[in-house]
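Listing of my_file_24.cif; format and content: mmCIF, C-alpha atoms.
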```
data_start
#
loop_
_atom_site.label_atom_id
_atom_site.label_comp_id
_atom_site.auth_asym_id
_atom_site.auth_seq_id
_atom_site.Cartn_x
_atom_site.Cartn_y
_atom_site.Cartn_z
CA MET Q 22 -28.10 -79.22 -93.61
CA LYS Q 23 -30.86 -76.69 -93.99
CA THR Q 24 -33.11 -78.74 -91.71
CA LYS Q 25 -30.38 -78.90 -89.12
CA ARG Q 26 -30.10 -75.10 -89.16
CA ILE Q 27 -33.85 -74.69 -88.80
CA ILE Q 28 -33.96 -77.07 -85.85
CA LYS Q 29 -31.02 -75.27 -84.26
CA GLY Q 30 -32.79 -71.94 -84.76
CA ILE Q 31 -36.02 -73.22 -83.17
CA GLY Q 32 -33.96 -74.63 -80.30
CA TRP Q 33 -32.39 -71.24 -79.65
CA ILE Q 34 -35.80 -69.55 -79.75
CA PHE Q 35 -37.15 -71.99 -77.17
CA LEU Q 36 -34.07 -71.55 -75.01
CA VAL Q 37 -34.33 -67.77 -75.05
CA ALA Q 38 -38.10 -67.91 -74.46
CA GLY Q 39 -37.51 -70.30 -71.56
CA LEU Q 40 -34.89 -68.01 -70.02
CA ILE Q 41 -37.18 -64.99 -70.40
CA PHE Q 42 -40.01 -66.96 -68.78
CA LEU Q 43 -37.78 -68.02 -65.87
CA ALA Q 44 -36.59 -64.44 -65.47
CA LEU Q 45 -40.20 -63.22 -65.32
CA VAL Q 46 -41.14 -65.87 -62.77
CA GLY Q 47 -38.10 -65.02 -60.72
CA TYR Q 48 -38.83 -61.30 -60.85
CA SER Q 49 -42.51 -61.84 -59.88
CA TYR Q 50 -41.42 -63.97 -56.94
CA TYR Q 51 -38.90 -61.31 -55.88
CA PHE Q 52 -41.49 -58.55 -56.35
CA SER Q 53 -44.05 -60.40 -54.24
CA ASN Q 54 -41.80 -61.62 -51.47
CA TYR Q 55 -38.80 -59.35 -51.17
CA LYS Q 56 -39.36 -56.00 -52.83
CA PHE Q 57 -41.11 -53.45 -50.61
CA ILE Q 58 -40.71 -55.67 -47.56
CA PRO Q 59 -39.35 -53.92 -44.46
CA GLN Q 60 -36.13 -55.02 -42.76
CA GLY Q 61 -37.79 -54.80 -39.36
CA GLU Q 62 -41.11 -56.24 -38.30
CA LYS Q 63 -42.97 -57.74 -41.23
CA PHE Q 64 -46.71 -58.13 -41.52
CA THR Q 65 -47.70 -61.73 -42.17
CA GLU Q 66 -51.46 -61.58 -41.55
CA ARG Q 67 -54.23 -59.08 -42.24
CA VAL Q 68 -54.60 -56.44 -39.54
CA ALA Q 69 -58.11 -57.74 -38.85
CA TYR Q 70 -57.01 -61.35 -38.45
CA ILE Q 71 -58.29 -63.21 -35.39
CA ASP Q 72 -56.55 -66.51 -34.67
CA PRO Q 73 -59.18 -69.21 -34.17
CA GLU Q 74 -56.66 -71.12 -32.01
CA THR Q 75 -56.31 -68.39 -29.40
CA SER Q 76 -59.61 -66.51 -29.52
CA LEU Q 77 -62.52 -67.20 -27.19
CA LEU Q 78 -65.55 -69.30 -28.14
CA SER Q 79 -64.00 -70.58 -31.36
CA GLU Q 80 -64.85 -74.23 -30.82
CA GLY Q 81 -67.84 -75.20 -32.88
CA PHE Q 82 -67.92 -71.80 -34.57
CA GLU Q 83 -67.62 -72.02 -38.35
CA THR Q 84 -67.35 -69.45 -41.05
CA CYS Q 85 -69.01 -69.96 -44.43
CA THR Q 86 -65.93 -69.10 -46.48
CA GLU Q 87 -62.17 -68.84 -46.10
CA TYR Q 88 -62.12 -65.08 -46.66
CA LEU Q 89 -63.60 -62.77 -44.04
CA PHE Q 90 -64.62 -59.24 -45.01
CA ASP Q 91 -64.84 -56.22 -42.71
CA TYR Q 92 -68.14 -55.19 -41.15
CA TYR Q 93 -68.31 -51.90 -43.08
CA ASN Q 94 -67.72 -53.36 -46.55
CA GLY Q 95 -71.43 -53.58 -47.25
CA GLY Q 96 -72.31 -49.89 -46.88
CA ASP Q 97 -75.99 -49.88 -45.88
CA ASP Q 98 -75.84 -53.71 -45.75
CA ARG Q 99 -73.04 -53.76 -43.18
CA THR Q 100 -72.93 -56.20 -40.27
CA THR Q 101 -75.35 -55.09 -37.54
CA TYR Q 102 -76.95 -56.53 -34.44
CA ILE Q 103 -80.33 -58.07 -35.28
CA LYS Q 104 -82.19 -55.51 -33.16
CA GLY Q 105 -80.15 -52.58 -34.49
CA LYS Q 106 -77.90 -50.17 -32.63
CA ASN Q 107 -80.72 -49.05 -30.34
CA GLY Q 108 -81.46 -52.65 -29.45
CA LEU Q 109 -77.81 -53.40 -28.80
CA ARG Q 110 -77.38 -50.26 -26.70
CA SER Q 111 -80.53 -50.98 -24.68
CA PHE Q 112 -79.50 -54.56 -23.98
CA ILE Q 113 -76.00 -53.65 -22.84
CA LEU Q 114 -76.96 -50.61 -20.76
CA ASP Q 115 -80.00 -52.28 -19.19
CA ASN Q 116 -77.98 -55.30 -18.13
CA PHE Q 117 -74.63 -53.76 -17.20
CA GLU Q 118 -74.09 -53.20 -13.49
CA ASN Q 119 -71.49 -50.76 -12.18
CA ARG Q 120 -70.24 -52.81 -9.23
CA ASN Q 121 -68.24 -49.91 -7.74
CA TYR Q 122 -65.86 -49.88 -10.70
CA THR Q 123 -63.48 -46.95 -10.99
CA ASP Q 124 -62.02 -47.88 -14.37
CA SER Q 125 -61.88 -45.51 -17.32
CA GLY Q 126 -60.84 -46.41 -20.84
CA TYR Q 127 -61.86 -48.34 -23.92
CA LEU Q 128 -62.71 -52.02 -23.68
CA ASN Q 129 -62.74 -53.25 -27.27
CA ILE Q 130 -64.05 -56.65 -28.19
CA ARG Q 131 -63.38 -57.94 -31.71
CA PHE Q 132 -65.12 -61.00 -33.11
CA VAL Q 133 -66.39 -62.69 -36.26
CA VAL Q 134 -69.96 -62.78 -37.53
CA ASN Q 135 -70.55 -65.56 -40.04
CA CYS Q 136 -72.97 -65.61 -42.98
CA LYS Q 137 -75.67 -67.15 -40.75
CA GLY Q 138 -75.50 -64.23 -38.32
CA GLU Q 139 -73.73 -66.23 -35.59
CA ALA Q 140 -70.88 -64.65 -33.62
CA GLY Q 141 -67.67 -66.23 -32.37
CA ARG Q 142 -63.86 -65.91 -32.03
CA TYR Q 143 -63.78 -63.11 -29.47
CA ILE Q 144 -60.62 -61.21 -28.52
CA ILE Q 145 -60.25 -58.24 -26.18
CA HIS Q 146 -58.17 -55.06 -26.36
CA GLU Q 147 -57.88 -52.87 -23.26
CA ASN Q 148 -56.84 -49.20 -23.38
CA ASP Q 149 -57.06 -46.20 -21.11
CA LEU Q 150 -58.67 -42.96 -22.29
CA ASN Q 151 -55.35 -41.94 -23.85
CA LEU Q 152 -55.41 -45.17 -25.87
CA GLU Q 153 -52.41 -46.58 -23.98
CA ALA Q 154 -52.39 -50.19 -22.77
CA TYR Q 155 -54.50 -50.65 -19.66
CA THR Q 156 -55.89 -53.50 -17.55
CA PHE Q 157 -59.52 -53.27 -16.60
CA SER Q 158 -60.79 -54.89 -13.43
CA GLU Q 159 -61.42 -58.56 -14.07
CA ASP Q 160 -65.04 -58.35 -13.03
CA LEU Q 161 -65.85 -55.44 -15.38
CA LYS Q 162 -64.07 -57.13 -18.28
CA ASN Q 163 -65.84 -60.46 -17.72
CA GLN Q 164 -69.20 -58.77 -17.31
CA LEU Q 165 -68.90 -56.86 -20.59
CA LEU Q 166 -67.52 -59.85 -22.44
CA ASP Q 167 -70.39 -61.97 -21.18
CA LEU Q 168 -72.96 -59.37 -22.23
CA THR Q 169 -71.33 -59.09 -25.67
CA ILE Q 170 -71.43 -62.84 -26.09
CA GLN Q 171 -75.13 -62.74 -25.26
CA LEU Q 172 -75.64 -60.66 -28.43
CA LYS Q 173 -76.19 -63.91 -30.24
CA LYS Q 174 -78.04 -63.00 -33.41
CA TRP Q 175 -76.60 -60.62 -36.00
CA LYS Q 176 -77.55 -59.42 -39.46
CA PRO Q 177 -74.56 -60.60 -41.47
CA LEU Q 178 -72.73 -58.49 -43.99
CA VAL Q 179 -74.37 -58.64 -47.43
CA LEU Q 180 -72.29 -58.20 -50.55
CA ARG Q 181 -73.69 -58.56 -54.06
CA ASP Q 182 -76.96 -59.84 -52.53
CA GLU Q 183 -75.17 -62.62 -50.66
CA ALA Q 184 -74.72 -62.93 -46.87
CA THR Q 185 -71.08 -63.42 -45.98
CA ASP Q 186 -68.60 -63.59 -43.08
CA SER Q 187 -67.05 -60.49 -41.53
CA TYR Q 188 -64.91 -59.14 -38.75
CA MET Q 189 -66.81 -56.95 -36.31
CA TYR Q 190 -65.93 -55.00 -33.18
CA LEU Q 191 -67.59 -53.22 -30.28
CA SER Q 192 -65.78 -50.51 -28.38
CA TYR Q 193 -67.09 -49.60 -24.92
CA ARG Q 194 -65.90 -46.20 -23.78
CA ILE Q 195 -65.96 -46.34 -19.98
CA GLU Q 196 -65.64 -43.40 -17.60
CA ASN Q 197 -65.42 -44.12 -13.86
CA GLY Q 198 -67.01 -47.51 -14.33
CA GLU Q 199 -69.93 -46.24 -16.46
CA ILE Q 200 -70.37 -47.00 -20.17
CA THR Q 201 -70.61 -43.62 -21.89
CA GLN Q 202 -70.32 -44.69 -25.53
CA ILE Q 203 -70.72 -47.87 -27.57
CA ILE Q 204 -68.88 -47.58 -30.87
CA PRO Q 205 -69.30 -48.10 -33.83
CA MET F 5 -3.25 -33.22 -62.60
CA GLU F 6 -3.79 -34.10 -58.96
CA LYS F 7 -6.20 -31.18 -58.57
CA SER F 8 -8.20 -32.31 -61.64
CA LEU F 9 -8.39 -35.86 -60.27
CA LYS F 10 -9.68 -34.60 -56.91
CA SER F 11 -12.28 -32.45 -58.66
CA TYR F 12 -13.43 -35.32 -60.83
CA LEU F 13 -13.66 -37.62 -57.80
CA SER F 14 -15.65 -35.01 -55.83
CA LEU F 15 -17.98 -34.50 -58.77
CA PHE F 16 -18.37 -38.26 -59.10
CA ALA F 17 -19.20 -38.54 -55.36
CA VAL F 18 -21.82 -35.79 -55.66
CA ILE F 19 -23.41 -37.47 -58.68
CA LEU F 20 -23.41 -40.82 -56.85
CA LEU F 21 -24.98 -39.27 -53.74
CA PHE F 22 -27.60 -37.46 -55.78
CA SER F 23 -28.51 -40.57 -57.74
CA SER F 24 -28.76 -42.67 -54.55
CA CYS F 25 -31.13 -40.03 -53.02
CA GLN F 26 -33.19 -40.08 -56.15
CA ASN F 27 -33.27 -43.85 -55.94
CA THR F 28 -34.59 -43.72 -52.36
CA GLU F 29 -37.29 -41.22 -53.33
CA LYS F 30 -38.17 -43.31 -56.36
CA LYS F 31 -38.35 -46.46 -54.20
CA ILE F 32 -40.70 -44.76 -51.74
CA VAL F 33 -43.00 -43.57 -54.53
CA GLU F 34 -42.99 -47.04 -56.09
CA ALA F 35 -43.65 -48.68 -52.74
CA SER F 36 -46.63 -46.39 -52.07
CA LYS F 37 -48.09 -47.04 -55.52
CA TYR F 38 -47.58 -50.77 -54.96
CA GLY F 39 -49.13 -50.65 -51.48
CA PHE F 40 -52.24 -48.85 -52.70
CA HIS F 41 -52.98 -51.73 -55.09
CA PHE F 42 -53.88 -53.92 -52.15
CA TYR F 43 -56.77 -53.84 -49.68
CA GLN F 44 -55.99 -51.79 -46.56
CA GLY F 45 -54.57 -53.91 -43.78
CA THR F 46 -53.38 -56.81 -45.92
CA PRO F 47 -49.72 -57.85 -45.51
CA ARG F 48 -48.65 -56.49 -48.91
CA HIS F 49 -50.32 -53.16 -48.21
CA MET F 50 -48.85 -52.83 -44.72
CA ASN F 51 -45.38 -54.08 -45.64
CA ALA F 52 -45.11 -51.61 -48.53
CA PHE F 53 -45.75 -48.66 -46.22
CA ALA F 54 -43.60 -50.11 -43.41
CA TYR F 55 -40.83 -50.39 -46.01
CA SER F 56 -41.38 -46.75 -46.99
CA VAL F 57 -41.12 -45.41 -43.44
CA GLU F 58 -37.91 -47.42 -42.96
CA LEU F 59 -36.40 -45.63 -45.92
CA ASP F 60 -37.63 -42.23 -44.82
CA SER F 61 -39.42 -41.73 -41.53
CA THR F 62 -40.25 -38.07 -42.23
CA ILE F 63 -43.06 -38.69 -44.72
CA ALA F 64 -46.26 -38.25 -42.72
CA THR F 65 -48.68 -39.76 -45.26
CA ASN F 66 -47.00 -43.15 -44.99
CA TRP F 67 -47.39 -43.23 -41.20
CA ARG F 68 -51.00 -42.22 -41.62
CA GLU F 69 -51.62 -44.99 -44.14
CA LEU F 70 -50.24 -47.54 -41.67
CA SER F 71 -52.65 -46.30 -39.00
CA VAL F 72 -55.89 -46.45 -41.00
CA PRO F 73 -56.55 -50.23 -40.95
CA TYR F 74 -56.29 -50.24 -37.14
CA LEU F 75 -58.64 -47.25 -36.84
CA LYS F 76 -61.37 -48.95 -38.85
CA ARG F 77 -61.12 -52.25 -36.98
CA GLY F 78 -61.24 -51.15 -33.34
CA ILE F 79 -57.53 -51.59 -32.52
CA PRO F 80 -56.70 -48.17 -31.02
CA GLN F 81 -53.43 -49.09 -29.33
CA GLU F 82 -51.94 -49.73 -32.80
CA TRP F 83 -53.67 -46.77 -34.47
CA LYS F 84 -52.40 -44.14 -32.06
CA PRO F 85 -48.60 -44.49 -32.37
CA TYR F 86 -48.76 -44.50 -36.17
CA PHE F 87 -51.08 -41.52 -36.41
CA ASP F 88 -49.16 -39.61 -33.75
CA LYS F 89 -46.07 -40.07 -35.96
CA ALA F 90 -47.94 -38.52 -38.86
CA VAL F 91 -48.87 -35.54 -36.68
CA GLU F 92 -45.29 -35.28 -35.42
CA GLN F 93 -43.95 -35.15 -38.97
CA ASP F 94 -46.58 -32.79 -40.36
CA ALA F 95 -48.91 -31.31 -37.77
CA LYS F 96 -50.29 -28.70 -40.18
CA VAL F 97 -51.79 -31.40 -42.37
CA TRP F 98 -52.61 -34.15 -39.87
CA GLN F 99 -53.49 -32.63 -36.49
CA GLY F 100 -56.90 -31.46 -37.68
CA TRP F 101 -57.44 -34.91 -39.14
CA ARG F 102 -56.59 -36.51 -35.80
CA GLY F 103 -59.25 -34.31 -34.21
CA TYR F 104 -61.77 -35.58 -36.74
CA LEU F 105 -60.83 -39.19 -35.90
CA TYR F 106 -61.02 -38.59 -32.13
CA LEU F 107 -64.49 -37.08 -32.69
CA TRP F 108 -66.01 -39.97 -34.63
CA PHE F 109 -64.03 -43.13 -33.92
CA TYR F 110 -63.36 -42.56 -30.23
CA ARG F 111 -66.09 -40.05 -29.29
CA ASP F 112 -63.42 -38.20 -27.33
CA TYR F 113 -64.90 -34.76 -27.84
CA GLN F 114 -62.34 -32.88 -25.74
CA LYS F 115 -59.33 -34.41 -27.50
CA ALA F 116 -61.02 -33.60 -30.80
CA ILE F 117 -61.53 -29.97 -29.75
CA ASP F 118 -57.92 -29.73 -28.55
CA ASP F 119 -56.68 -30.86 -31.96
CA PHE F 120 -59.05 -28.54 -33.84
CA ASP F 121 -57.96 -25.65 -31.61
CA ALA F 122 -54.33 -26.46 -32.41
CA THR F 123 -55.02 -25.86 -36.10
CA ASP F 124 -55.93 -22.24 -35.27
CA ILE F 125 -52.32 -21.77 -34.15
CA LEU F 126 -50.67 -23.95 -36.78
CA THR F 127 -52.48 -22.23 -39.64
CA PRO F 128 -53.61 -18.87 -38.22
CA ASP F 129 -54.76 -17.36 -41.51
CA PHE F 130 -56.61 -20.42 -42.72
CA ILE F 131 -59.53 -22.51 -41.51
CA ASP F 132 -58.57 -26.15 -41.99
CA ALA F 133 -61.07 -28.63 -43.35
CA PRO F 134 -60.16 -32.22 -42.54
CA GLN F 135 -62.37 -34.70 -44.38
CA GLY F 136 -64.02 -31.87 -46.28
CA HIS F 137 -65.63 -29.87 -43.45
CA SER F 138 -64.21 -26.90 -41.59
CA VAL F 139 -62.78 -27.32 -38.09
CA ASP F 140 -65.52 -24.89 -36.97
CA PHE F 141 -68.17 -27.32 -38.24
CA TRP F 142 -66.45 -30.21 -36.46
CA ARG F 143 -66.09 -28.17 -33.26
CA GLY F 144 -69.82 -27.45 -33.42
CA ILE F 145 -70.45 -31.19 -33.40
CA ALA F 146 -67.83 -31.93 -30.71
CA TYR F 147 -69.32 -29.32 -28.36
CA LEU F 148 -72.78 -30.77 -29.04
CA GLY F 149 -71.31 -34.12 -27.97
CA LEU F 150 -70.24 -32.45 -24.72
CA LYS F 151 -73.71 -30.84 -24.43
CA ASP F 152 -72.02 -27.46 -24.38
CA TYR F 153 -74.76 -25.82 -26.44
CA THR F 154 -73.36 -22.29 -26.18
CA ASN F 155 -70.08 -23.21 -27.83
CA SER F 156 -71.72 -25.64 -30.23
CA ILE F 157 -74.09 -22.98 -31.54
CA ALA F 158 -71.31 -20.37 -31.61
CA TYR F 159 -69.12 -22.53 -33.86
CA PHE F 160 -72.00 -23.46 -36.15
CA ASP F 161 -72.89 -19.75 -36.39
CA LYS F 162 -69.28 -18.95 -37.29
CA HIS F 163 -69.11 -21.71 -39.89
CA ILE F 164 -72.50 -20.96 -41.47
CA THR F 165 -71.88 -17.21 -41.55
CA LYS F 166 -68.52 -17.64 -43.23
CA GLU F 167 -69.80 -20.07 -45.83
CA THR F 168 -72.83 -17.88 -46.51
CA ASP F 169 -70.71 -14.74 -46.93
CA GLU F 170 -68.20 -16.44 -49.21
CA THR F 171 -70.34 -18.71 -51.35
CA GLY F 172 -73.98 -18.36 -50.37
CA GLU F 173 -76.27 -20.07 -47.88
CA ASP F 174 -77.20 -22.75 -50.40
CA TRP F 175 -73.60 -24.00 -50.24
CA VAL F 176 -73.72 -24.69 -46.50
CA GLU F 177 -73.83 -28.42 -45.81
CA LEU F 178 -77.28 -29.52 -44.67
CA GLU F 179 -75.82 -31.20 -41.57
CA ALA F 180 -74.73 -27.79 -40.24
CA PHE F 181 -78.38 -26.70 -40.06
CA LEU F 182 -79.42 -30.08 -38.66
CA PHE F 183 -76.87 -30.15 -35.86
CA ARG F 184 -77.31 -26.48 -34.99
CA GLY F 185 -81.05 -27.10 -34.92
CA ILE F 186 -80.54 -30.05 -32.56
CA ALA F 187 -78.31 -27.89 -30.32
CA HIS F 188 -81.02 -25.21 -30.18
CA TYR F 189 -83.70 -27.84 -29.48
CA GLU F 190 -81.76 -29.49 -26.65
CA ASN F 191 -80.97 -26.04 -25.28
CA GLY F 192 -84.71 -25.27 -25.11
CA ASN F 193 -84.89 -22.79 -27.99
CA ASN F 194 -87.56 -24.37 -30.17
CA ASP F 195 -88.08 -21.32 -32.41
CA ALA F 196 -84.41 -21.22 -33.43
CA ALA F 197 -84.43 -25.00 -33.83
CA LEU F 198 -87.43 -24.89 -36.16
CA GLN F 199 -85.72 -22.23 -38.26
CA ASP F 200 -82.74 -24.49 -38.76
CA PHE F 201 -84.77 -27.63 -39.50
CA ASN F 202 -86.84 -25.65 -42.03
CA LYS F 203 -83.64 -24.38 -43.66
CA MET F 204 -82.39 -27.94 -43.92
CA LEU F 205 -85.62 -28.99 -45.59
CA PHE F 206 -85.64 -25.95 -47.87
CA TYR F 207 -82.18 -26.65 -49.23
CA GLY F 208 -82.62 -30.42 -49.07
CA LYS F 209 -85.69 -30.48 -51.34
CA ASN F 210 -87.92 -31.30 -48.37
CA LYS F 211 -86.29 -34.68 -47.84
CA SER F 212 -84.91 -35.38 -44.36
CA ALA F 213 -86.14 -37.89 -41.83
CA ASP F 214 -84.00 -36.20 -39.16
CA ALA F 215 -85.35 -32.68 -39.67
CA LYS F 216 -88.97 -33.87 -39.78
CA TYR F 217 -88.50 -36.11 -36.74
CA HIS F 218 -87.11 -33.25 -34.68
CA LYS F 219 -89.83 -30.90 -35.92
CA ALA F 220 -92.40 -33.51 -34.86
CA LEU F 221 -90.87 -33.57 -31.37
CA ILE F 222 -91.26 -29.78 -31.15
CA PHE F 223 -94.86 -29.84 -32.39
CA LYS F 224 -95.65 -32.60 -29.88
CA GLN F 225 -94.22 -30.42 -27.10
CA ASN F 226 -96.46 -27.56 -28.34
CA ASN F 227 -99.44 -29.94 -28.32
CA GLN F 228 -99.83 -29.64 -32.10
CA MET F 229 -100.50 -33.34 -32.47
CA GLU F 230 -101.95 -33.51 -35.99
CA GLU F 231 -99.00 -31.60 -37.43
CA ALA F 232 -96.61 -33.83 -35.45
CA LYS F 233 -98.31 -36.97 -36.78
CA ARG F 234 -98.08 -35.71 -40.35
CA LEU F 235 -94.37 -34.99 -39.92
CA VAL F 236 -93.65 -38.44 -38.47
CA GLN F 237 -95.43 -40.05 -41.39
CA GLU F 238 -93.36 -38.01 -43.86
CA ALA F 239 -90.20 -38.70 -41.88
CA THR F 240 -90.85 -42.44 -42.16
CA ILE F 241 -91.25 -42.17 -45.94
CA ASP F 242 -88.00 -40.19 -46.16
CA PHE F 243 -86.25 -42.71 -43.92
CA ASP F 244 -87.34 -45.65 -46.06
CA ALA F 245 -86.12 -43.81 -49.13
CA GLY F 246 -82.69 -43.37 -47.53
CA PHE F 247 -82.89 -39.68 -46.61
CA PHE F 248 -81.46 -39.87 -43.09
CA ASN F 249 -78.21 -38.73 -41.55
CA SER F 250 -75.61 -41.47 -41.13
CA ARG F 251 -71.88 -42.10 -41.39
CA PRO F 252 -69.94 -44.83 -43.22
CA TYR F 253 -68.08 -46.54 -40.37
CA VAL F 254 -69.67 -45.37 -37.14
CA GLU F 255 -72.96 -44.08 -35.78
CA THR F 256 -73.43 -40.36 -36.25
CA LEU F 257 -74.32 -38.00 -33.42
CA ARG F 258 -78.01 -38.11 -32.49
CA GLN F 259 -78.61 -40.71 -35.20
CA ILE F 260 -82.25 -41.70 -35.62
CA TYR F 261 -83.43 -45.18 -36.48
CA LYS F 262 -86.71 -46.56 -37.84
CA GLU F 263 -87.77 -47.63 -34.35
CA ASP F 264 -87.39 -44.04 -33.10
CA LEU F 265 -89.96 -42.96 -35.68
CA LEU F 266 -92.27 -45.86 -34.79
CA LEU F 267 -91.97 -45.10 -31.09
CA LEU F 268 -92.86 -41.43 -31.65
CA LYS F 269 -95.78 -42.40 -33.90
CA ASN F 270 -97.12 -44.71 -31.19
CA LYS F 271 -96.83 -41.99 -28.55
CA LEU F 272 -98.65 -39.54 -30.80
CA ASP F 273 -101.38 -42.08 -31.57
CA GLU F 274 -101.97 -42.55 -27.85
CA ASN F 275 -102.83 -38.85 -27.51
#
```
Translate the structure of the given file into structure tokens.
Amino acid sequence: MKTKRIIKGIGWIFLVAGLIFLALVGYSYYFSNYKFIPQGEKFTERVAYIDPETSLLSEGFETCTEYLFDYYNGGDDRTTYIKGKNGLRSFILDNFENRNYTDSGYLNIRFVVNCKGEAGRYIIHENDLNLEAYTFSEDLKNQLLDLTIQLKKWKPLVLRDEATDSYMYLSYRIENGEITQIIP
Amino acid sequence: MEKSLKSYLSLFAVILLFSSCQNTEKKIVEASKYGFHFYQGTPRHMNAFAYSVELDSTIATNWRELSVPYLKRGIPQEWKPYFDKAVEQDAKVWQGWRGYLYLWFYRDYQKAIDDFDATDILTPDFIDAPQGHSVDFWRGIAYLGLKDYTNSIAYFDKHITKETDETGEDWVELEAFLFRGIAHYENGNNDAALQDFNKMLFYGKNKSADAKYHKALIFKQNNQMEEAKRLVQEATIDFDAGFFNSRPYVETLRQIYKEDLLLLKNKLDEN
């Protein structure tokens, strides 16, 4: 009789503990997936995300890890072109030809630099000087993309003494067909 | 009886309304706290702030938080509408900030100046200081970017004079002397430039690759080669030790690199 009561008591404890556990799991799931989620457009990927399926020069390009950092995460060890900003600027400006372009705006090229310092997965954003959507002349866009792709060797991002993968971008500020700034 | 019932119902409606407003405010605060737990630009971060602006679109800081990941990753067409919303909701706080972002992330010096100038009207009795420096300091840099040395120097003079009068010259940020010195140098006034570079070194414990590099350029122009060589050597030591002007996300204005020092050294050695 006494044993029966003890077993019953233990049973109730397990039942209550199980219900509390399920409630916690349920609440965590709700918290992660439904609370603080907008009714309208929802974000499903990181802002920096570049889809390997749709970006340029993705075939054969591999990252070292699943997670890609951002170029600036390393502070002084951030992702940089192997010949530095001066080297990058010299290469682009020495090789860019203004073929009677009249375009003005920002031609931004985002890409990935892997832990080996290789670049790939290029995508392009085109804006006018007011940062509204804009379409550059095809020739200018292809020329700058081609020159950017020729920047083959990069110093990868280093975090905790280890080279790693990162998202990178170059922004060409163009005024009347001339490159006036290369950011960052 | 009827009157009492109406009063009780009205009171109940007021309490209900008040508690639902409080709930919305509480939700927004919770959402922000939740969002800040996650790395900028991740879905949980962005969704939390998108949720907040759905509940209340008048809170400028939430619009600004949505814009930041796009700013840092070279996606301006997404940055602009979010940040413009922040300015629309609270121009006094965020228009000066937008000027700062136009200056550094887009190198649009005129748009930066326009936003800094707007702060003079928005807060006429106060000099705003987005990202910790006065709008006069930032205008000095923006005008230097435009190579408008007259205005650049004028704004640095205004900023430095004010800071000196209020707290002492030793409180002026070293970059103010550096950039004003560069403006003087590019404008052909080497004596004034040297004064500023020397001030930077005085207050910076004699450690600045930038100041010494620019001084070396001036001494080279004056044909004082040995002094120029000594300065380049010291500048290189300072550079290797990390004493050079730079910014966290983007190149700074007139940034110098190791190869600039090597190039100058080689030119001096040829003489």
Selection dump of the PyMOL selection byres ((chain F and resi 91-96) around 6), as a ChimeraX atom specification: /F:62,64,88-90,97-99,126
Selection dump of the PyMOL selection byres ((chain F and resi 218) around 10), as a ChimeraX atom specification: /F:182,185-186,189,194,197-198,201,213-217,219-224,232,235-236,239,260
Target residues per the PyMOL selection byres ((chain F and resi 207) around 12), formatted as a list in words: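 Evaluating the PyMOL selection byres ((chain F and resi 207) around 12) on this file yields Gly172, Glu173, Asp174, Trp175, Val176, Glu177, Leu178, Glu179, Ala180, Phe181, Leu182, Asp200, Phe201, Asn202, Lys203, Met204, Leu205, Phe206, Gly208, Lys209, Asn210, Lys211, Ser212 and Ala215 of chain F.
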One-decimal distance in Å that lies between CA of Tyr104 (chain F) and CA of Ile125 (chain F):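 Atom-to-atom, CA of Ile125 (chain F) to CA of Tyr104 (chain F), that is 16.9 Å.
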